[in-house]
Amino acid sequence: MKSIVSSILLMIGTVYLVRLLPLLFLRRDIRNKWVKSFFYYVPYVTLAVMTFPAILQATAHPVAGLVALIVGVLASVFLGDMFTVAILCCVAAYVSGLFL
Amino acid sequence: MANTHIPSTNTGWFLKGLRDGIPICLGYFAVAFALGIAAKDAGIGAGQAFFMSLGMMASAGEFAAIQLIAQASGAFEMISTTVVVNLRYFLMSCSLSQKLDPKMPFLHRFFLAQTLTDEIYALSVMTPGKLCPFYSYGLFVVSAAGWCCGTSAGVIMGNILPDAIVSALSVALYGMFLAIIIPPAKEDRFLQGLIVCSMIMSALMTYLPVLNRISSGFRVIILTLLLSSLAAFLHPVYEHTPEETEAVL
């Protein structure tokens, strides 16, 4: 795709349909075990794949990214709050960046 | 929630949505700011970023979208990646459809679809009884303001802030992703294994020769379809009630 605007429009349309179609057509629960389980696991795999190893490439030095990853995992386990975890990761990446 | 008052009118629900949306708004602003920095690097302008955020309302989805734009990917890859990365909204939409009053005017479904984000969905399904769509609209107005302004601010301020801070802020999104997937896995060894396995496979596909020629968008699609199918086969979750399934999204 050459134009940024047409790319954005295409992806806006796609994500809207992903959200809309079940609301329009689904009037009863999904019963199929495998389909239900598949949908259940999708976000975990997708987000894990998007996070690693990309987090190592996001910072100027990969070790800063690694520190942010470790802090992020620990903060998610012990605190859990999305906003707090995100901020702590930034602080970890910044502080470790000072020493690299 | 501090305010447990249950409104009886559409206006009441809308105002409650505006109030409950404030913490979401703040969180969205910070994460969207990091997204804006990434958008700027991909050559996306502040206005385009605002428009993209309003239209897509998706953290991982927009993050993938920015990468696809940066790589000048083809239309097929853009559509298929967007579908896979945002599949959880499909599931939330399935779940939310069970929460709607059959007597609710059908037009609301077209608007509710746009409000479906992890946080707005979570608050909407937790309301007692059937969902009043105006509650979701109130949540959406406040959180979308934080999300869209945050993205534009990231594009604009990304140039002004020192590199060390921009570099540090760029991990905010990954922190948010971790905060979504790790807490439900705390007591679930299978999920822990699945997350670790996903990360290892992703690293292998990023660094191994030949495999590293596959673009990041298709890497996400291939691994998601492969590992989620396998996980559903090995460890079906049919024993979960809809309520339990919703809680981990």
# chains A, B, ... in the order shown; residues from 1 in each chain; ligands from 1
>>> residues_around(residues="Ile55 in chain A", least_positions_apart="5", cutoff="12 Å", atoms="only C-alpha atoms", output="JSON, numbers by chain")
{"A": [47, 48, 49, 50, 60, 61, 62, 63, 64, 65, 66, 67, 68, 69, 70, 72, 89, 90, 93], "B": [167, 168, 169, 170, 171, 172, 173, 174, 175, 176, 177, 178, 199, 202, 203]}
>>> closest_atom_pairs(of="range 14-99 of chain A", to="range 57-74 of chain B", cutoff="12 Å", atoms="only C-alpha atoms", output="tab-separated table")
residue	atom	partner	partner_atom	distance
A:Thr14	CA	B:Gly61	CA	10.6
A:Val15	CA	B:Gly61	CA	8.2
A:Tyr16	CA	B:Met57	CA	9.6
A:Val18	CA	B:Gly61	CA	11.6
A:Arg19	CA	B:Met57	CA	11.0
A:Pro43	CA	B:Ala60	CA	9.9
A:Tyr44	CA	B:Ala60	CA	11.9
A:Thr46	CA	B:Ala60	CA	8.9
A:Leu47	CA	B:Ala60	CA	7.4
A:Ala48	CA	B:Ala60	CA	10.9
A:Val49	CA	B:Ala60	CA	11.1
A:Met50	CA	B:Ala60	CA	8.1
A:Thr51	CA	B:Ala60	CA	9.8
A:Ala54	CA	B:Gln67	CA	11.4
>>> write_last_selection(atoms="N, CA and C atoms", output="compact mmCIF listing (two decimals), in the first residue's frame")
# COMPACT_ATOMS: atom_id res chain seq x y z
N THR A 14 -11.31 -2.79 8.52
CA THR A 14 -11.14 -4.19 8.90
C THR A 14 -11.43 -4.40 10.38
N VAL A 15 -10.83 -3.56 11.22
CA VAL A 15 -11.00 -3.76 12.66
C VAL A 15 -12.45 -3.49 13.07
N TYR A 16 -13.13 -2.56 12.35
CA TYR A 16 -14.53 -2.29 12.66
C TYR A 16 -15.39 -3.53 12.38
N VAL A 18 -14.39 -6.64 12.38
CA VAL A 18 -14.07 -7.67 13.37
C VAL A 18 -14.92 -7.47 14.62
N ARG A 19 -15.13 -6.20 15.00
CA ARG A 19 -15.92 -5.91 16.20
C ARG A 19 -17.41 -5.99 15.94
N PRO A 43 -5.43 -14.02 22.33
CA PRO A 43 -4.75 -12.81 22.81
C PRO A 43 -3.41 -13.09 23.49
N TYR A 44 -3.32 -14.21 24.19
CA TYR A 44 -2.07 -14.52 24.89
C TYR A 44 -0.94 -14.73 23.91
N THR A 46 -0.80 -13.85 20.65
CA THR A 46 -0.55 -12.65 19.85
C THR A 46 0.29 -11.63 20.61
N LEU A 47 -0.11 -11.33 21.83
CA LEU A 47 0.60 -10.29 22.58
C LEU A 47 1.99 -10.75 23.00
N ALA A 48 2.15 -12.05 23.32
CA ALA A 48 3.48 -12.56 23.67
C ALA A 48 4.41 -12.46 22.47
N VAL A 49 3.92 -12.83 21.31
CA VAL A 49 4.74 -12.78 20.09
C VAL A 49 5.10 -11.33 19.75
N MET A 50 4.15 -10.42 19.96
CA MET A 50 4.42 -9.01 19.64
C MET A 50 5.39 -8.37 20.64
N THR A 51 5.44 -8.91 21.85
CA THR A 51 6.29 -8.31 22.89
C THR A 51 7.74 -8.75 22.78
N ALA A 54 10.62 -8.10 20.26
CA ALA A 54 10.54 -6.70 19.83
C ALA A 54 10.96 -5.73 20.93
>>> atom_distance(atom1="CA of Trp147 in chain B", atom2="CA of Tyr28 in chain B")
5.0 Å
>>> select_by_dssp(residues="chain A", states="alpha helix (DSSP H)", output="VMD selection string")
chain A and resid 4 to 25 33 to 51 54 to 58 62 to 78 82 to 98
>>> atom_distance(atom1="CA of Leu194 in chain B", atom2="CA of Tyr40 in chain A")
12.1 Å
>>> closest_residue(among="A:Ser3, A:Phe78, A:Val35, A:Leu9", to="Val237 in chain B", atoms="only C-alpha atoms")
A:Val35
>>> closest_residue(among="B:Gly150, B:Gly12, B:Gly138, B:Gly129", to="Ser53 in chain B", atoms="only C-alpha atoms")
B:Gly150
>>> atom_distance(atom1="CA of Val84 in chain B", atom2="CA of Val73 in chain A")
24.0 Å
>>> residues_around(residues="Ser8 in chain B", least_positions_apart="6", cutoff="12 Å", atoms="only C-alpha atoms", output="MDAnalysis selection string")
chainID B and resid 14:16 128 131:132 134:135
>>> decode(residues="chain A", atoms="C-alpha atoms", output="mmCIF file, in the first residue's frame")
data_model
loop_
_atom_site.group_PDB
_atom_site.id
_atom_site.type_symbol
_atom_site.label_atom_id
_atom_site.label_comp_id
_atom_site.auth_asym_id
_atom_site.auth_seq_id
_atom_site.Cartn_x
_atom_site.Cartn_y
_atom_site.Cartn_z
ATOM 1 C CA MET A 1 0.000 0.000 0.000
ATOM 2 C CA LYS A 2 1.493 3.330 -1.056
ATOM 3 C CA SER A 3 -0.641 5.935 0.672
ATOM 4 C CA ILE A 4 -0.678 6.205 4.470
ATOM 5 C CA VAL A 5 -4.264 7.452 4.493
ATOM 6 C CA SER A 6 -5.599 4.576 2.375
ATOM 7 C CA SER A 7 -3.675 2.084 4.559
ATOM 8 C CA ILE A 8 -5.240 3.606 7.684
ATOM 9 C CA LEU A 9 -8.736 3.558 6.137
ATOM 10 C CA LEU A 10 -8.322 -0.079 5.109
ATOM 11 C CA MET A 11 -7.288 -1.137 8.609
ATOM 12 C CA ILE A 12 -10.006 0.981 10.295
ATOM 13 C CA GLY A 13 -12.600 -0.769 8.125
ATOM 14 C CA THR A 14 -11.143 -4.193 8.899
ATOM 15 C CA VAL A 15 -11.002 -3.760 12.664
ATOM 16 C CA TYR A 16 -14.534 -2.292 12.662
ATOM 17 C CA LEU A 17 -15.903 -5.382 10.914
ATOM 18 C CA VAL A 18 -14.068 -7.668 13.365
ATOM 19 C CA ARG A 19 -15.918 -5.909 16.198
ATOM 20 C CA LEU A 20 -19.262 -5.503 14.426
ATOM 21 C CA LEU A 21 -19.983 -8.891 12.835
ATOM 22 C CA PRO A 22 -20.497 -10.911 16.053
ATOM 23 C CA LEU A 23 -22.754 -8.151 17.453
ATOM 24 C CA LEU A 24 -24.879 -8.294 14.312
ATOM 25 C CA PHE A 25 -25.072 -12.030 13.768
ATOM 26 C CA LEU A 26 -24.489 -13.754 17.071
ATOM 27 C CA ARG A 27 -27.619 -14.186 19.149
ATOM 28 C CA ARG A 28 -26.521 -17.248 21.145
ATOM 29 C CA ASP A 29 -23.416 -18.605 22.914
ATOM 30 C CA ILE A 30 -20.582 -20.267 21.041
ATOM 31 C CA ARG A 31 -20.856 -23.961 21.939
ATOM 32 C CA ASN A 32 -17.955 -25.573 20.038
ATOM 33 C CA LYS A 33 -15.223 -26.436 22.570
ATOM 34 C CA TRP A 34 -12.326 -26.079 20.199
ATOM 35 C CA VAL A 35 -13.486 -22.744 18.740
ATOM 36 C CA LYS A 36 -14.095 -21.335 22.227
ATOM 37 C CA SER A 37 -10.664 -22.496 23.401
ATOM 38 C CA PHE A 38 -8.979 -21.159 20.278
ATOM 39 C CA PHE A 39 -10.466 -17.689 20.833
ATOM 40 C CA TYR A 40 -9.490 -17.875 24.489
ATOM 41 C CA TYR A 41 -5.814 -18.463 23.688
ATOM 42 C CA VAL A 42 -5.493 -15.995 20.798
ATOM 43 C CA PRO A 43 -4.754 -12.808 22.810
ATOM 44 C CA TYR A 44 -2.069 -14.517 24.895
ATOM 45 C CA VAL A 45 -0.135 -15.831 21.903
ATOM 46 C CA THR A 46 -0.554 -12.648 19.847
ATOM 47 C CA LEU A 47 0.596 -10.287 22.578
ATOM 48 C CA ALA A 48 3.476 -12.558 23.674
ATOM 49 C CA VAL A 49 4.736 -12.778 20.088
ATOM 50 C CA MET A 50 4.420 -9.008 19.636
ATOM 51 C CA THR A 51 6.286 -8.313 22.894
ATOM 52 C CA PHE A 52 9.292 -10.564 22.500
ATOM 53 C CA PRO A 53 11.859 -10.108 21.052
ATOM 54 C CA ALA A 54 10.541 -6.701 19.833
ATOM 55 C CA ILE A 55 11.038 -5.154 23.299
ATOM 56 C CA LEU A 56 14.801 -5.785 22.955
ATOM 57 C CA GLN A 57 14.832 -3.795 19.716
ATOM 58 C CA ALA A 58 12.713 -0.914 21.045
ATOM 59 C CA THR A 59 15.412 0.592 23.260
ATOM 60 C CA ALA A 60 18.756 2.031 22.206
ATOM 61 C CA HIS A 61 20.550 -0.865 23.953
ATOM 62 C CA PRO A 62 18.946 -4.348 24.016
ATOM 63 C CA VAL A 63 19.884 -4.864 27.692
ATOM 64 C CA ALA A 64 17.643 -1.902 28.632
ATOM 65 C CA GLY A 65 14.802 -3.680 26.846
ATOM 66 C CA LEU A 66 15.574 -6.891 28.705
ATOM 67 C CA VAL A 67 15.504 -5.060 32.060
ATOM 68 C CA ALA A 68 12.158 -3.493 31.083
ATOM 69 C CA LEU A 69 10.822 -6.951 30.199
ATOM 70 C CA ILE A 70 11.853 -8.437 33.552
ATOM 71 C CA VAL A 71 10.433 -5.471 35.476
ATOM 72 C CA GLY A 72 7.250 -5.668 33.390
ATOM 73 C CA VAL A 73 6.738 -9.367 34.152
ATOM 74 C CA LEU A 74 7.381 -8.880 37.886
ATOM 75 C CA ALA A 75 5.138 -5.795 38.051
ATOM 76 C CA SER A 76 2.371 -7.679 36.193
ATOM 77 C CA VAL A 77 2.590 -10.553 38.675
ATOM 78 C CA PHE A 78 2.648 -8.430 41.831
ATOM 79 C CA LEU A 79 0.736 -5.273 40.839
ATOM 80 C CA GLY A 80 -1.220 -6.121 37.703
ATOM 81 C CA ASP A 81 -2.505 -2.620 36.955
ATOM 82 C CA MET A 82 -1.900 -1.815 33.285
ATOM 83 C CA PHE A 83 -1.002 1.834 33.716
ATOM 84 C CA THR A 84 1.428 1.175 36.609
ATOM 85 C CA VAL A 85 3.147 -1.664 34.750
ATOM 86 C CA ALA A 86 3.604 0.464 31.620
ATOM 87 C CA ILE A 87 5.133 3.333 33.606
ATOM 88 C CA LEU A 88 7.441 1.029 35.602
ATOM 89 C CA CYS A 89 8.721 -0.497 32.342
ATOM 90 C CA CYS A 90 9.549 2.997 31.052
ATOM 91 C CA VAL A 91 11.363 3.893 34.281
ATOM 92 C CA ALA A 92 13.311 0.595 34.166
ATOM 93 C CA ALA A 93 14.329 1.185 30.542
ATOM 94 C CA TYR A 94 15.334 4.787 31.277
ATOM 95 C CA VAL A 95 17.367 4.028 34.405
ATOM 96 C CA SER A 96 19.163 1.045 32.864
ATOM 97 C CA GLY A 97 19.803 3.144 29.747
ATOM 98 C CA LEU A 98 21.810 5.570 31.911
ATOM 99 C CA PHE A 99 24.324 2.827 32.712
ATOM 100 C CA LEU A 100 24.694 1.365 29.208
#
